[in-house]
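Colleague: A single structure is presented below for examination.
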Amino acid sequence: MRLRLHAAGAFAIVAALLPTTAPAAYAQPKIPALPCAVQTFEGSRFTVCRYARGADTIQLALDGPHGRLGGLAALARQLGPDASRVAFAMNAGMYEADQSPTGLLILDRRTVHPTDTGLGDGGNFHLLPNGVFAVDADGAVRVEETHAFLAHPGDVRWATQSGPLLVERGALHPKLAPDGASKNIRNGVGVAGPDAAVFVISDDPVSLGRFARFFRDALNCPDALYFDGHVSSLWAPGLKRRDPATGLGPLVVVLKGAAP
């Protein structure tokens, strides 16, 4: 769902301590040992779930045999026996009233919806730059600015476009207030190389600025993409959690074990 970015209000003095530019160097990404784990950052709680190339299988989904899946319970039914392998699943990109993707969606090499490169209506998706989360045929993952992705798409098997691009090459999105007035339950994805991705949902309402800093400063992800807010939902069997929201658009699911 496309949500508009509310006015950020006045910045706190602490804003001067929250640079948008990239740190000089990056440590290895902080990947939870379990499929999902809870972390605290700047007083807010986040659930962090990992995808590890070679150890896990990742895929995107939109439709079932009777139309849009729309939620995690329907995804579980669609997976059948594979539901027992689920490490986690969550919504994965903004969508329209009919649950169709707002931007690019590639499912198992098939382009279901084209890329949106327009200026749009001013919502979060079009708070440029936006970006694409892509999974290549060999399981490598990346988050790239939309036009950079289109210039060199590569051998993509799965991809979803969303926005804004929270972190790009270590720099925070220049239009995000450090801690704006608009706060929501939010989710997104970050990467720090081709072998691992971290998918995050906030357990408390947070601003986009804090959400972006969590990826960069707590998880060491130099690239991160916003998926959505308010409707953000997680299925994490290890945490005994499956959020009940329906009417969702694209979904991402990670299964334990490498693809055959």
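By order of appearance in the structure tokens: chains A, B, ..., then residues from 1 within every chain, and ligands from 1 in the order shown.
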DSSP on the backbone: what in segment 77-158 of chain A comes out strand (DSSP E or B), as a PyMOL selection string?
Modeller: chain A and resi 86-91+95+101+105-107+110-113+123+131-136+141-145+156-158
Colleague: Go through segment 31-144 of chain A and flag each residue having an atom no more than 6 Å from segment 187-203 of chain A; for those, report the closest pair of atoms plus their distance in Å to one decimal, using only C-alpha atoms, ordered by chain and rising number, as CSV.
Modeller:
```
residue,atom,partner,partner_atom,distance
A:Arg45,CA,A:Asp203,CA,5.3
A:Phe46,CA,A:Ser202,CA,4.2
A:Thr47,CA,A:Ile201,CA,5.4
A:Val48,CA,A:Val200,CA,4.6
A:Cys49,CA,A:Phe199,CA,5.1
A:Arg50,CA,A:Val198,CA,4.7
A:Tyr51,CA,A:Ala197,CA,5.2
A:Ala52,CA,A:Ala196,CA,4.7
A:Arg53,CA,A:Asp195,CA,4.9
A:Ala140,CA,A:Pro194,CA,4.6
A:Val141,CA,A:Pro194,CA,4.7
```
Colleague: Write a file of the selected residues as a PDB file, in the first residue's frame, keeping N, CA and C atoms.
Modeller:
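Full text of result-v4.pdb as output:
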```
ATOM      1  N   ARG A  45      12.040  -1.519  19.270  1.00  0.00           N
ATOM      2  CA  ARG A  45      12.261  -2.953  19.033  1.00  0.00           C
ATOM      3  C   ARG A  45      12.028  -3.286  17.564  1.00  0.00           C
ATOM      4  N   PHE A  46      12.897  -4.153  17.045  1.00  0.00           N
ATOM      5  CA  PHE A  46      12.812  -4.612  15.667  1.00  0.00           C
ATOM      6  C   PHE A  46      12.992  -6.132  15.647  1.00  0.00           C
ATOM      7  N   THR A  47      12.258  -6.811  14.776  1.00  0.00           N
ATOM      8  CA  THR A  47      12.503  -8.229  14.525  1.00  0.00           C
ATOM      9  C   THR A  47      13.277  -8.355  13.217  1.00  0.00           C
ATOM     10  N   VAL A  48      14.422  -9.030  13.291  1.00  0.00           N
ATOM     11  CA  VAL A  48      15.351  -9.158  12.174  1.00  0.00           C
ATOM     12  C   VAL A  48      15.401 -10.614  11.736  1.00  0.00           C
ATOM     13  N   CYS A  49      15.192 -10.861  10.456  1.00  0.00           N
ATOM     14  CA  CYS A  49      15.210 -12.216   9.905  1.00  0.00           C
ATOM     15  C   CYS A  49      16.255 -12.295   8.798  1.00  0.00           C
ATOM     16  N   ARG A  50      16.925 -13.431   8.702  1.00  0.00           N
ATOM     17  CA  ARG A  50      18.056 -13.549   7.786  1.00  0.00           C
ATOM     18  C   ARG A  50      17.776 -14.497   6.629  1.00  0.00           C
ATOM     19  N   TYR A  51      18.360 -14.168   5.497  1.00  0.00           N
ATOM     20  CA  TYR A  51      18.479 -15.085   4.364  1.00  0.00           C
ATOM     21  C   TYR A  51      19.957 -15.290   4.105  1.00  0.00           C
ATOM     22  N   ALA A  52      20.398 -16.540   4.034  1.00  0.00           N
ATOM     23  CA  ALA A  52      21.795 -16.865   3.767  1.00  0.00           C
ATOM     24  C   ALA A  52      21.870 -17.670   2.468  1.00  0.00           C
ATOM     25  N   ARG A  53      22.554 -17.108   1.510  1.00  0.00           N
ATOM     26  CA  ARG A  53      22.722 -17.781   0.221  1.00  0.00           C
ATOM     27  C   ARG A  53      23.422 -19.120   0.411  1.00  0.00           C
ATOM     28  N   ALA A 140      22.224 -15.024  -5.373  1.00  0.00           N
ATOM     29  CA  ALA A 140      22.834 -13.778  -4.916  1.00  0.00           C
ATOM     30  C   ALA A 140      21.772 -12.698  -4.786  1.00  0.00           C
ATOM     31  N   VAL A 141      21.917 -11.845  -3.762  1.00  0.00           N
ATOM     32  CA  VAL A 141      20.928 -10.807  -3.484  1.00  0.00           C
ATOM     33  C   VAL A 141      21.549  -9.423  -3.631  1.00  0.00           C
TER      34      VAL A 141
END
```
Colleague: So that I can see what lies close to segment 222-230 of chain A, please list as a ChimeraX atom specification the residues with an atom at most 8 Å from it, counting only C-alpha atoms and leaving out residues fewer than 5 positions away in the same chain.
Modeller: /A:1-3,22,26,91-94,130-133,143-144,162-171,184-192,212,215-216
Colleague: So, with only C-alpha atoms as the atoms that count, which of A:His113, A:Arg142, A:Arg157, A:His126 lies closest to Leu60 of chain A?
Modeller: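 Smallest distance to Leu60 of chain A is found for A:Arg157.
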Colleague: Restricting the calculation to only C-alpha atoms, which member of A:Ala245, A:Leu119, A:Ala87, A:Leu79 is positioned closest to Leu34 of chain A?
Modeller: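 Of the candidates, the smallest distance to Leu34 of chain A is held by A:Ala87.
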Colleague: Go ahead and compute the interatomic distance for atom CA of Gly120 of chain A and atom CA of Gly103 of chain A, in Å to one decimal.
Modeller: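 Atom-to-atom, atom CA of Gly120 of chain A to atom CA of Gly103 of chain A, that is 10.9 Å.
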Colleague: So which one's closest to Ala55 of chain A, A:Ala259, A:Ala137, A:Ala76, A:Val206? Using only C-alpha atoms, please.
Modeller: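 Among A:Ala259, A:Ala137, A:Ala76, A:Val206, it is A:Ala259 that comes nearest to Ala55 of chain A.
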Colleague: Have a look at A:Gln78, A:Thr160, A:Gln99, A:Ser182 and name the one nearest to Pro114 of chain A; count only C-alpha atoms.
Modeller: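 Among the listed residues, the smallest separation from Pro114 of chain A belongs to A:Thr160.
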Colleague: List every residue of segment 32-149 of chain A that DSSP, applied to the backbone, labels as alpha helix (DSSP H), and write the result as a PyMOL selection string.
Modeller: chain A and resi 72-79+146-149
Colleague: Restricting it to N, CA and C atoms, dump the selection as an mmCIF file, in the first residue's frame.
Modeller:
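The result, stored in selection.cif:
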```
data_model
loop_
_atom_site.group_PDB
_atom_site.id
_atom_site.type_symbol
_atom_site.label_atom_id
_atom_site.label_comp_id
_atom_site.auth_asym_id
_atom_site.auth_seq_id
_atom_site.Cartn_x
_atom_site.Cartn_y
_atom_site.Cartn_z
ATOM 1 N N LEU A 72 -0.535 -14.033 4.885
ATOM 2 C CA LEU A 72 0.406 -15.092 5.242
ATOM 3 C C LEU A 72 -0.279 -16.431 5.467
ATOM 4 N N ALA A 73 -1.519 -16.424 5.924
ATOM 5 C CA ALA A 73 -2.245 -17.682 6.079
ATOM 6 C C ALA A 73 -2.482 -18.330 4.717
ATOM 7 N N ALA A 74 -2.847 -17.515 3.727
ATOM 8 C CA ALA A 74 -3.035 -18.043 2.375
ATOM 9 C C ALA A 74 -1.722 -18.538 1.795
ATOM 10 N N LEU A 75 -0.634 -17.850 2.098
ATOM 11 C CA LEU A 75 0.681 -18.302 1.637
ATOM 12 C C LEU A 75 1.004 -19.671 2.224
ATOM 13 N N ALA A 76 0.705 -19.868 3.495
ATOM 14 C CA ALA A 76 0.958 -21.164 4.129
ATOM 15 C C ALA A 76 0.186 -22.274 3.428
ATOM 16 N N ARG A 77 -1.052 -22.014 3.083
ATOM 17 C CA ARG A 77 -1.854 -23.025 2.377
ATOM 18 C C ARG A 77 -1.272 -23.302 0.997
ATOM 19 N N GLN A 78 -0.811 -22.245 0.326
ATOM 20 C CA GLN A 78 -0.240 -22.401 -1.015
ATOM 21 C C GLN A 78 1.035 -23.238 -0.975
ATOM 22 N N LEU A 79 1.834 -23.086 0.070
ATOM 23 C CA LEU A 79 3.100 -23.814 0.165
ATOM 24 C C LEU A 79 2.909 -25.299 0.396
ATOM 25 N N THR A 146 16.709 2.158 -8.698
ATOM 26 C CA THR A 146 15.938 1.606 -9.811
ATOM 27 C C THR A 146 16.641 1.744 -11.153
ATOM 28 N N HIS A 147 17.144 2.925 -11.475
ATOM 29 C CA HIS A 147 17.776 3.110 -12.783
ATOM 30 C C HIS A 147 19.098 2.344 -12.884
ATOM 31 N N ALA A 148 19.826 2.232 -11.783
ATOM 32 C CA ALA A 148 21.056 1.439 -11.785
ATOM 33 C C ALA A 148 20.738 -0.026 -12.040
ATOM 34 N N PHE A 149 19.652 -0.512 -11.447
ATOM 35 C CA PHE A 149 19.234 -1.898 -11.687
ATOM 36 C C PHE A 149 18.867 -2.094 -13.152
#
```
Colleague: Counting only C-alpha atoms, which residue out of A:Phe214, A:Phe125, A:Phe88, A:Phe41 sits closest to Gly238 of chain A?
Modeller: A:Phe88
Colleague: Work out how far apart atom CA of Leu62 of chain A and atom CA of Asn124 of chain A are and give it in Å to one decimal.
Modeller: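 Rounded to one decimal, the two atoms are 21.1 Å apart.
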Colleague: Taking into account only C-alpha atoms, which residue in the set A:Ala37, A:Ile106, A:Met90, A:Ala97 is nearest to Gly71 of chain A?
Modeller: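 Closest to Gly71 of chain A, using only C-alpha atoms: A:Met90.
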